[in-house]
Structures are given as structure tokens and as C-alpha cells.
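For reference, run.txt is printed below; it contains compact mmCIF, C-alpha atoms.
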```txt
# COMPACT_ATOMS: atom_id res chain seq x y z
CA MET A 1 50.41 77.30 114.71
CA LYS A 2 51.44 80.44 112.94
CA MET A 3 47.95 81.69 113.69
CA ILE A 4 48.79 81.63 117.39
CA THR A 5 51.86 83.72 116.78
CA ILE A 6 49.98 86.22 114.68
CA ALA A 7 47.19 86.42 117.23
CA ALA A 8 49.66 87.05 120.06
CA ALA A 9 51.43 89.75 118.06
CA VAL A 10 48.16 91.48 117.20
CA LEU A 11 47.00 91.32 120.81
CA THR A 12 50.27 92.81 121.99
CA LEU A 13 50.09 95.65 119.52
CA CYS A 14 46.49 96.37 120.47
CA LEU A 15 47.35 96.52 124.13
CA LEU A 16 50.35 98.73 123.53
CA ALA A 17 48.27 101.09 121.47
CA SER A 18 45.54 101.31 124.09
CA PRO A 19 44.97 104.93 125.21
CA ALA A 20 43.99 103.67 128.64
CA LEU A 21 47.36 102.03 129.13
CA ALA A 22 49.20 105.06 127.86
CA GLY A 23 47.32 107.21 130.34
CA GLU A 24 48.10 104.87 133.19
CA GLU A 25 51.78 105.00 132.36
CA MET A 26 51.70 108.78 132.37
CA ASP A 27 49.86 108.92 135.66
CA GLN A 28 52.46 106.76 137.36
CA SER A 29 55.32 108.90 136.26
CA HIS A 30 53.90 112.32 137.03
CA VAL A 31 51.71 112.11 140.10
CA ASP A 32 53.21 113.17 143.41
CA HIS A 33 52.57 110.14 145.54
CA SER A 34 52.35 112.09 148.77
CA THR A 35 49.15 113.70 147.53
CA MET A 36 47.55 110.51 146.28
CA ASP A 37 44.45 109.00 147.73
CA HIS A 38 45.28 105.38 148.42
CA SER A 39 41.81 104.34 149.35
CA THR A 40 41.08 103.13 145.84
CA HIS A 41 43.90 100.58 145.70
CA SER A 42 44.35 99.68 149.32
CA ASP A 43 45.03 96.03 149.93
CA THR A 44 42.34 96.11 152.57
CA VAL A 45 39.65 95.97 149.93
CA ARG A 46 40.63 92.45 148.93
CA PRO A 47 41.21 89.29 150.98
CA ALA A 48 44.62 89.03 152.58
CA PRO A 49 46.48 85.94 151.32
CA SER A 50 47.81 85.05 154.76
CA ALA A 51 47.86 86.16 158.35
CA SER A 52 51.42 87.43 158.11
CA GLU A 53 50.35 89.71 155.29
CA THR A 54 47.73 91.50 157.35
CA THR A 55 47.42 94.81 155.62
CA THR A 56 46.01 97.05 158.31
CA PRO A 57 48.76 98.44 160.52
CA ALA A 58 48.36 97.74 164.22
CA ALA A 59 46.02 100.27 165.76
CA SER A 60 47.96 100.84 168.94
CA GLY A 61 51.54 100.51 167.73
CA GLU A 62 53.80 102.73 165.72
CA THR A 63 53.61 102.65 161.92
CA VAL A 64 56.91 102.76 160.07
CA THR A 65 56.71 103.53 156.37
CA ALA A 66 59.84 102.88 154.35
CA LYS A 67 60.16 104.19 150.82
CA VAL A 68 62.09 101.55 148.87
CA ASN A 69 63.57 101.44 145.37
CA GLY A 70 63.51 98.25 143.30
CA LEU A 71 60.12 96.81 144.24
CA VAL A 72 58.69 95.70 140.91
CA CYS A 73 57.06 92.30 141.39
CA ASP A 74 55.41 89.90 143.79
CA PHE A 75 58.69 88.06 144.38
CA CYS A 76 60.10 91.35 145.68
CA ALA A 77 57.13 91.85 147.97
CA GLN A 78 57.40 88.30 149.22
CA SER A 79 61.07 88.83 150.08
CA ILE A 80 60.29 91.93 152.11
CA ARG A 81 57.42 90.21 153.90
CA LYS A 82 59.58 87.25 154.85
CA VAL A 83 62.46 89.33 156.14
CA PHE A 84 60.40 91.74 158.24
CA GLY A 85 57.95 89.06 159.29
CA LYS A 86 60.75 87.44 161.29
CA GLN A 87 61.27 90.56 163.40
CA ALA A 88 59.76 90.22 166.86
CA ALA A 89 58.78 93.89 167.01
CA VAL A 90 56.81 93.75 163.75
CA GLU A 91 53.09 93.07 163.95
CA THR A 92 52.12 93.51 160.29
CA VAL A 93 53.86 93.98 156.97
CA LYS A 94 52.29 95.63 153.95
CA VAL A 95 54.08 96.07 150.64
CA ASP A 96 52.62 98.58 148.20
CA LEU A 97 54.15 98.02 144.78
CA ASP A 98 52.36 101.07 143.35
CA SER A 99 54.09 103.47 145.69
CA GLY A 100 57.22 101.44 146.44
CA GLU A 101 56.43 101.55 150.14
CA VAL A 102 56.84 99.03 152.90
CA VAL A 103 54.46 99.76 155.78
CA LEU A 104 55.33 98.11 159.07
CA GLY A 105 52.81 97.96 161.89
CA MET A 106 54.81 97.65 165.10
CA LYS A 107 53.69 95.91 168.24
CA LYS A 108 52.64 98.23 171.04
CA GLY A 109 55.66 99.62 172.85
CA GLN A 110 58.12 98.16 170.35
CA THR A 111 59.88 99.49 167.27
CA LEU A 112 62.77 99.07 164.86
CA ASP A 113 65.22 101.94 164.57
CA ASP A 114 66.03 103.48 161.20
CA GLU A 115 69.39 101.78 161.01
CA THR A 116 67.83 98.34 161.47
CA VAL A 117 65.08 99.00 158.93
CA GLY A 118 67.67 100.17 156.40
CA LYS A 119 69.88 97.20 157.09
CA LEU A 120 67.02 94.75 156.55
CA ILE A 121 65.96 96.48 153.34
CA ARG A 122 69.50 96.30 151.96
CA LYS A 123 69.87 92.73 153.18
CA SER A 124 66.79 91.90 151.14
CA GLY A 125 68.48 93.31 148.06
CA TYR A 126 66.68 96.64 147.77
CA ALA A 127 67.51 100.30 148.35
CA LEU A 128 66.08 102.41 151.13
CA VAL A 129 65.08 105.94 150.14
CA GLY A 130 63.50 107.25 153.33
CA ILE A 131 61.54 106.42 156.48
CA GLU A 132 58.47 108.03 158.02
CA ARG A 133 57.01 107.23 161.41
CA THR A 134 53.51 107.83 162.70
CA GLY A 135 51.61 106.90 165.85
CA GLY A 136 52.97 104.80 168.67
CA ALA A 137 53.04 107.64 171.18
CA MET B 1 86.75 70.05 131.48
CA THR B 2 87.58 72.67 128.94
CA PHE B 3 86.16 75.81 130.47
CA ILE B 4 89.44 77.59 129.93
CA SER B 5 88.85 77.31 126.20
CA HIS B 6 85.59 79.19 126.74
CA ALA B 7 87.26 82.10 128.49
CA ALA B 8 87.26 84.37 125.47
CA PRO B 9 83.67 83.79 124.40
CA LEU B 10 82.52 84.03 128.00
CA ALA B 11 84.29 87.34 128.43
CA ALA B 12 82.56 88.57 125.30
CA CYS B 13 79.26 87.38 126.67
CA VAL B 14 79.84 89.20 129.95
CA ALA B 15 80.51 92.39 128.06
CA TRP B 16 77.39 91.81 125.99
CA ALA B 17 75.36 91.14 129.11
CA VAL B 18 76.55 94.31 130.76
CA LEU B 19 75.92 96.43 127.72
CA ALA B 20 72.60 94.99 126.71
CA PRO B 21 69.38 95.99 128.44
CA VAL B 22 68.36 92.67 129.90
CA ALA B 23 66.39 90.54 132.53
CA ASP B 24 66.27 87.07 134.21
CA ALA B 25 64.62 84.13 135.85
CA ARG B 26 65.70 85.27 139.32
CA PRO B 27 67.94 82.38 140.40
CA VAL B 28 68.37 83.88 143.89
CA SER B 29 65.61 84.26 146.50
CA TYR B 30 65.43 85.99 149.87
CA ALA B 31 67.67 84.83 152.71
CA GLY B 32 66.36 81.50 153.91
CA GLY B 33 64.14 80.97 150.87
CA TRP B 34 63.78 77.85 148.76
CA THR B 35 62.95 77.86 145.07
CA ALA B 36 62.01 75.12 142.61
CA MET B 37 62.16 75.92 138.92
CA GLN B 38 61.50 73.63 136.00
CA LEU B 39 62.19 74.47 132.37
CA ASN B 40 61.04 72.49 129.34
CA ASN B 41 61.79 73.29 125.73
CA GLY B 42 62.60 71.41 122.58
CA ASP B 43 66.20 70.77 123.59
CA TYR B 44 66.02 69.89 127.25
CA SER B 45 64.03 69.63 130.44
CA SER B 46 65.64 70.78 133.65
CA LEU B 47 64.85 70.98 137.34
CA HIS B 48 66.69 73.32 139.68
CA VAL B 49 65.94 73.36 143.39
CA HIS B 50 67.99 75.85 145.33
CA TYR B 51 68.35 77.44 148.75
CA SER B 52 69.39 81.05 149.28
CA PRO B 53 71.50 81.60 152.41
CA THR B 54 71.56 85.30 151.53
CA ALA B 55 69.66 87.49 149.08
CA PHE B 56 72.75 87.44 146.87
CA ASP B 57 73.60 83.73 146.69
CA SER B 58 71.89 80.43 146.17
CA VAL B 59 73.05 76.85 145.88
CA GLY B 60 71.17 73.74 144.90
CA LEU B 61 70.65 70.68 142.78
CA TYR B 62 70.43 70.93 139.01
CA VAL B 63 69.21 68.08 136.82
CA GLU B 64 68.90 68.29 133.06
CA ARG B 65 67.80 65.79 130.47
CA ASN B 66 69.14 67.09 127.19
CA TRP B 67 67.80 65.53 124.00
CA SER B 68 69.83 67.84 121.82
CA ASP B 69 73.13 66.59 123.25
CA ASP B 70 71.87 63.12 124.28
CA ILE B 71 72.91 63.76 127.88
CA GLN B 72 71.49 63.26 131.35
CA PHE B 73 73.24 65.80 133.57
CA THR B 74 73.15 65.99 137.37
CA GLY B 75 75.10 68.62 139.24
CA LEU B 76 75.47 71.20 141.97
CA GLN B 77 74.60 74.74 140.95
CA TYR B 78 75.77 77.99 142.50
CA ASN B 79 74.10 81.30 141.61
CA ARG B 80 75.42 84.72 142.49
CA LEU B 81 73.70 88.07 142.16
CA LEU B 82 76.67 90.06 140.90
CA LYS B 83 74.96 93.41 140.70
CA ARG B 84 71.53 94.89 141.24
CA TRP B 85 70.32 98.27 140.16
CA ASN B 86 67.31 99.47 142.16
CA GLY B 87 65.38 102.32 140.59
CA PRO B 88 62.26 104.12 141.84
CA ALA B 89 60.13 101.93 139.55
CA SER B 90 62.60 99.51 138.05
CA GLN B 91 65.10 96.84 138.88
CA GLY B 92 68.08 95.48 136.97
CA ASN B 93 70.15 92.42 137.82
CA LEU B 94 73.27 90.62 136.68
CA TYR B 95 73.69 87.00 137.71
CA LEU B 96 76.42 84.39 137.46
CA LYS B 97 75.50 80.71 137.32
CA LEU B 98 77.97 77.84 137.69
CA VAL B 99 77.09 74.16 137.57
CA ALA B 100 79.46 71.23 138.01
CA GLY B 101 78.43 67.63 137.90
CA GLN B 102 78.24 64.40 136.04
CA ALA B 103 76.94 63.80 132.54
CA ASP B 104 75.61 60.42 131.52
CA PRO B 105 75.42 60.09 127.76
CA PHE B 106 72.44 58.19 126.45
CA GLY B 107 73.47 54.66 125.48
CA ASN B 108 76.35 52.63 126.87
CA ALA B 109 78.99 55.34 127.26
CA GLY B 110 80.26 55.95 130.78
CA SER B 111 79.55 59.07 132.79
CA GLU B 112 81.95 62.01 132.69
CA LEU B 113 82.53 65.25 134.50
CA ALA B 114 80.69 68.13 132.90
CA GLY B 115 79.72 71.69 133.60
CA ILE B 116 77.59 74.63 132.68
CA ALA B 117 78.36 78.32 133.10
CA GLY B 118 76.00 81.16 132.46
CA PHE B 119 75.42 84.84 132.82
CA SER B 120 71.98 86.34 132.89
CA ALA B 121 70.84 89.89 133.19
CA ASP B 122 67.50 91.58 133.34
CA TRP B 123 65.83 94.92 133.62
CA GLU B 124 62.17 95.31 134.39
CA THR B 125 59.47 97.64 135.52
CA ARG B 126 55.92 96.63 136.33
CA ARG B 127 55.09 97.22 132.68
CA TRP B 128 58.20 96.26 130.71
CA PHE B 129 60.60 93.36 130.86
CA THR B 130 63.78 92.60 129.00
CA SER B 131 66.42 89.95 129.62
CA PHE B 132 69.46 88.27 128.22
CA GLU B 133 71.20 85.04 129.09
CA THR B 134 74.25 83.29 127.75
CA ARG B 135 75.00 79.71 128.58
CA ALA B 136 78.15 77.69 127.95
CA THR B 137 77.96 73.92 128.29
CA ASP B 138 80.83 71.49 128.55
CA PHE B 139 79.28 68.09 127.95
CA PRO B 140 81.12 64.95 126.82
CA GLY B 141 81.94 65.42 123.17
CA ASN B 142 80.10 68.70 122.88
CA GLN B 143 81.07 72.16 124.05
CA SER B 144 78.78 74.96 123.03
CA VAL B 145 77.65 78.48 123.82
CA SER B 146 74.10 79.67 123.36
CA HIS B 147 72.30 82.95 123.91
CA SER B 148 68.75 83.88 124.75
CA GLY B 149 67.00 87.21 124.94
CA ARG B 150 63.50 88.26 125.92
CA PHE B 151 61.27 91.25 125.65
CA GLY B 152 57.94 91.44 127.40
CA VAL B 153 55.06 93.70 128.27
CA ALA B 154 52.38 93.44 130.92
CA PRO B 155 49.00 94.31 129.38
CA TYR B 156 47.74 95.40 132.78
CA ILE B 157 49.33 96.13 136.14
CA GLY B 158 47.94 94.24 139.10
CA ASP B 159 48.43 94.71 142.81
CA TYR B 160 50.47 92.41 144.97
CA GLY B 161 48.73 89.05 145.13
CA ASP B 162 46.81 89.51 141.89
CA LEU B 163 47.27 87.36 138.82
CA HIS B 164 49.89 89.08 136.68
CA THR B 165 50.13 88.36 132.97
CA TRP B 166 53.05 89.01 130.66
CA LEU B 167 53.26 88.69 126.90
CA MET B 168 56.81 87.93 125.83
CA LEU B 169 58.92 87.16 122.83
CA GLN B 170 62.03 85.02 123.33
CA VAL B 171 64.80 84.83 120.74
CA ASP B 172 67.39 82.06 121.05
CA ASN B 173 70.70 81.70 119.28
CA GLN B 174 72.40 78.31 119.17
CA PRO B 175 75.17 78.59 116.56
CA ASP B 176 75.61 74.81 116.26
CA ALA B 177 71.94 73.96 115.87
CA ALA B 178 70.13 73.16 112.65
CA GLU B 179 68.02 76.25 113.34
CA PRO B 180 70.58 78.72 114.77
CA VAL B 181 68.00 81.38 115.56
CA THR B 182 64.56 80.60 116.91
CA THR B 183 61.73 82.77 118.16
CA THR B 184 59.25 81.79 120.85
CA PRO B 185 56.19 83.88 121.69
CA LEU B 186 55.09 83.03 125.20
CA ILE B 187 52.73 84.03 127.93
CA ARG B 188 53.71 84.26 131.58
CA PHE B 189 51.29 83.98 134.48
CA PHE B 190 52.57 85.19 137.82
CA LYS B 191 50.66 85.02 141.08
CA GLY B 192 52.18 85.34 144.52
CA VAL B 193 55.07 82.92 144.71
CA GLN B 194 54.18 80.94 141.60
CA MET B 195 55.02 81.57 137.99
CA VAL B 196 54.09 79.60 134.86
CA GLU B 197 55.18 80.21 131.27
CA LEU B 198 53.77 78.64 128.12
CA GLY B 199 55.17 79.21 124.65
CA TYR B 200 55.68 77.83 121.18
CA THR B 201 58.88 77.93 119.16
CA ILE B 202 57.94 78.79 115.63
CA GLU B 203 60.92 77.45 113.66
CA THR B 204 61.14 74.06 115.40
CA GLU B 205 57.44 73.72 116.21
CA GLU B 206 58.19 72.83 119.83
CA LEU B 207 56.43 73.73 123.03
CA LEU B 208 57.94 75.67 125.93
CA ALA B 209 56.64 75.18 129.46
CA ASN B 210 58.34 76.58 132.55
CA TRP B 211 57.31 77.03 136.16
CA ILE B 212 58.80 78.46 139.33
CA ILE B 213 57.64 78.19 142.92
CA ARG B 214 59.20 79.94 145.91
CA PHE B 215 58.88 78.79 149.48
```
Starting from the coordinates I provided, produce the structure as C-alpha cells.
Amino acid sequence: MKMITIAAAVLTLCLLASPALAGEEMDQSHVDHSTMDHSTHSDTVRPAPSASETTTPAASGETVTAKVNGLVCDFCAQSIRKVFGKQAAVETVKVDLDSGEVVLGMKKGQTLDDETVGKLIRKSGYALVGIERTGGA
Amino acid sequence: MTFISHAAPLAACVAWAVLAPVADARPVSYAGGWTAMQLNNGDYSSLHVHYSPTAFDSVGLYVERNWSDDIQFTGLQYNRLLKRWNGPASQGNLYLKLVAGQADPFGNAGSELAGIAGFSADWETRRWFTSFETRATDFPGNQSVSHSGRFGVAPYIGDYGDLHTWLMLQVDNQPDAAEPVTTTPLIRFFKGVQMVELGYTIETEELLANWIIRF
């Protein structure tokens, strides 16, 4: 069984030493997200796990994008989805772990004000950094 | 119950937990969420099913069959997220866990009140993971404190919904055990609301198998 341990240790070291991984780490820490092209890692290129996780914001409603600190894993994303999915005004919820953004597609003619969005983020255990709104005119 | 006698070591453990860079098994879910988590190692198998009324608290049933202490324990567990640090690409947590219940020693001895108290802390990014947990048990005829720490790395970073893989090394310290310090390399698979861990403790040649599901 010591072979398993040795193999795991060697694999770990190899992965840590990988130039590709080192480059990825650097990219994440230095790229200005506002200038990034998200088309390459959009959730829309893969099947959506459930209807409530629809990843394309509603075409006719407002899109609310909340920048959130503390989103590091799928459990975090699930929490956000559950909390905002219960809101009557919310049509779709997308959580982007790469950018730390929660993108809410609102139903036509409906919205959540900044105070409510911030309250729900904090209630979920995370920290709101900022909110941007587009569409919904 | 002799938790008072554990006050000093617990205080030391809290200080250690706060000072050490650490991580956890997330004993609290989102408001309204249910979680089932099962842990199996060489000393015990446990099942914890809890409900989170808020994102900072959870309460539920805890059952443990402990071969190390020859105890079957059944109790009510309360978990509290004491502090969370949310960074732009990281998250740190400090949790308190309290369990009170009944211990049934193997054999003919009668059941007795018993309890478990623990602190766990974690810090993680999407690449790195580190955690620490201390656990004090007050079982019939055996009070003990144990510690566990982990360090892990994700060899790749997946998107939400992908299969995530972590390679981890767990180090346990049980001062009263025949092997006071043990090391367990393990692999964690994480997809959506499900998590599975498989490992092998080198010194005791025992398997580790854990899983968590959130609803």
C-alpha cells in the first residue's frame, strides 16, 4: 500500500510543477476581469444541470450582475442559486465561479433593488462587492 | 459529563484553530438546506443529517459507532458558523460543533450521557485547501481530545457543475492512541451537491471513506 502513497505524492508533485498550472494561476491573479472574453467558459456551452440553473439571462428582463466575494466551490454556487431561485422576480440565476459573479435574469417588468440583493448575498454567507444592471428598459 | 475539565485544552484548541491556516467539512448549508454526511475511518463510522435554518446554523441527528472506544453514540448536534472570511478568490471559516446524547457501550453496560465538542476551521481557494479540526469526546470511561489537519490541491479547476478533484493529505493526532500521529493521503471528488472522499491511513493500514450530499 505504500506504493499508493508514493504514487499519489509523485502525482501531486508533478501537477504542482506543471507550467500550465502555474500559468493558469498567474492569469487568474493578474487579468482585469472586465476586459475578459467570457465566451470561452460560458456555462451556455454545456448542458444546464436543471431548469432553475438556466444560464442565459432572460432576453426581455433586466440583468443584475452582482460581484461577490467568497465564491470558491459548487456548494457556494448552490447556496446562491437556492436563495435567489426563491425570489419571485428572478427568472434565471447564473453563478460564475471564475469571475465571482452572480448574474440574475429578472422577469420582465420586475426587479430586485440593490439593498435586497445585498441582503440576500449576506444572508447566504457571502460578501457583496458591487452591482451592475443592464437591460430591462 | 466532564466538559468543564476540558475547558483549558479546548481554549488552547480554539487559539490554535484561529491561528492556524485551516479548512472544514462545511457543517452548515444554506438557509432551508438539508445535508447528509457520512464518515468512515479506522476508529469510527458516523452519520450526521442536519438542517440549516440559516446560513450560519444547523441542527441535526448524529450517530457514531466507535470501535476505538467501544461505543455506540446517538445524539443531537448543533453547528455554528462562528466566523467567515470572504476574499475575492478565497473563503475562510471557523465552526463550532456541539453534540449531546447517549452512549451505549458495547457489551452489557448501561447507556450513559455523553457528548462531543469540536472546532473546525478552513481556508480555501479553487486551487488550495487547508483545514484543521479539534474534537473532544466525553464518552463513558474515556475522555479524549484529538486533532486533524488537512492540506489539499486541485490539479485542475473546473466550472460549476463539473467534476472537481482534490488531492489531499490528512494528518491526525490522537495522543491516547497506539499510533498517536497518522497520515492519510486521500482523493476527493466533488460534483454539484455531492462529495466523496477515499483515502488510506498509512500507519494503521485502514481505509477512509466519506461522503456528503446536500439537498
Counting all atoms listed in the file, the option among A:Ser60, A:Leu104, A:Thr111, A:Val129 closest to chain B:
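Under the stated criterion, the closest residue is A:Val129.
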With all atoms listed in the file as the counted atoms, please give the residues lying no more than 6 Å from stretch 147-164 of chain B, apart from itself and same-chain residues fewer than 6 positions off, as a ChimeraX atom specification. /A:15,74 /B:127-134,170-173,189-192
Write the selection just made, keeping C-alpha atoms, as a short mmCIF file (atom, residue, chain, number, x, y, z; two decimals), keeping the file's coordinate frame?
```cif
data_model
loop_
_atom_site.label_atom_id
_atom_site.label_comp_id
_atom_site.auth_asym_id
_atom_site.auth_seq_id
_atom_site.Cartn_x
_atom_site.Cartn_y
_atom_site.Cartn_z
CA LEU A 15 47.35 96.52 124.13
CA ASP A 74 55.41 89.90 143.79
CA ARG B 127 55.09 97.22 132.68
CA TRP B 128 58.20 96.26 130.71
CA PHE B 129 60.60 93.36 130.86
CA THR B 130 63.78 92.60 129.00
CA SER B 131 66.42 89.95 129.62
CA PHE B 132 69.46 88.27 128.22
CA GLU B 133 71.20 85.04 129.09
CA THR B 134 74.25 83.29 127.75
CA GLN B 170 62.03 85.02 123.33
CA VAL B 171 64.80 84.83 120.74
CA ASP B 172 67.39 82.06 121.05
CA ASN B 173 70.70 81.70 119.28
CA PHE B 189 51.29 83.98 134.48
CA PHE B 190 52.57 85.19 137.82
CA LYS B 191 50.66 85.02 141.08
CA GLY B 192 52.18 85.34 144.52
#
```
Pairwise distance for atom CA of A:Gly125 and atom CA of B:Tyr51, rounded to one decimal in Å: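 Answer for the atom CA of A:Gly125 to atom CA of B:Tyr51 separation: 15.9 Å.
Relative to atom CA of B:Thr183, atom CA of B:Ala117 is found at 22.8 Å.
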Nearest to chain B, restricted to all atoms listed in the file and choosing among A:Leu112, A:Leu120, A:Val72, A:Val93, comes out as A:Val72
| task | Define the interface residues of chain A facing chain B as those within 7 Å, counting only C-alpha atoms, and report them as a list in words. | result |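 On the chain A side, the interface is Thr5, Leu15, Asn69, Gly70, Leu71, Val72, Cys73, Asp74, Phe75, Ser79, Leu97, Lys123, Ser124, Gly125, Tyr126 and Ala127 of chain A.
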Take atom CA of A:Arg122 and atom CA of B:Leu61 and report the distance between them in Å, one decimal.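 Taking atom CA of A:Arg122 as the start and atom CA of B:Leu61 as the end point, the length is 27.2 Å.
Among B:Tyr78, B:Phe119, B:Tyr95, B:Phe139, the residue with the shortest atom-to-atom distance to B:Asn66, counting only C-alpha atoms, is B:Phe139.
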Query raised in the report: What's the 6 Å shell around B:Ala36, counting all atoms listed in the file, without same-chain residues fewer than 3 positions away, as a PyMOL selection string?
Result: chain B and resi 48-49+212-213
Residue with the minimum atom-to-atom distance to B:Arg188, picked from B:Asn142, B:Ser58, B:Thr204, B:Asn210 with all atoms listed in the file counted, is B:Asn210
Next on the checklist: I need the residue nearest B:Thr182 from this list: B:Pro105, B:Gly42, B:Pro53, B:Pro140. Use only C-alpha atoms for the distance.
Outcome noted: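 Among the listed residues, the smallest separation from B:Thr182 belongs to B:Gly42.
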Work out where the centre of an axis-aligned box around every listed atom of stretch 108-126 of chain B lies and how long its edges are once 3 Å is added on each side; give both in Å to one decimal as lines of an AutoDock Vina configuration file.
```
center_x = 69.2
center_y = 75.1
center_z = 131.6
size_x = 32.6
size_y = 51.0
size_z = 15.5
```
Problem set entry | Minimum-distance residue to A:Gly61, chosen among A:Glu91, A:Val117, A:Ser99, A:Gly130 (using all atoms listed in the file) |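 Residue with the minimum atom-to-atom distance to A:Gly61: A:Glu91.
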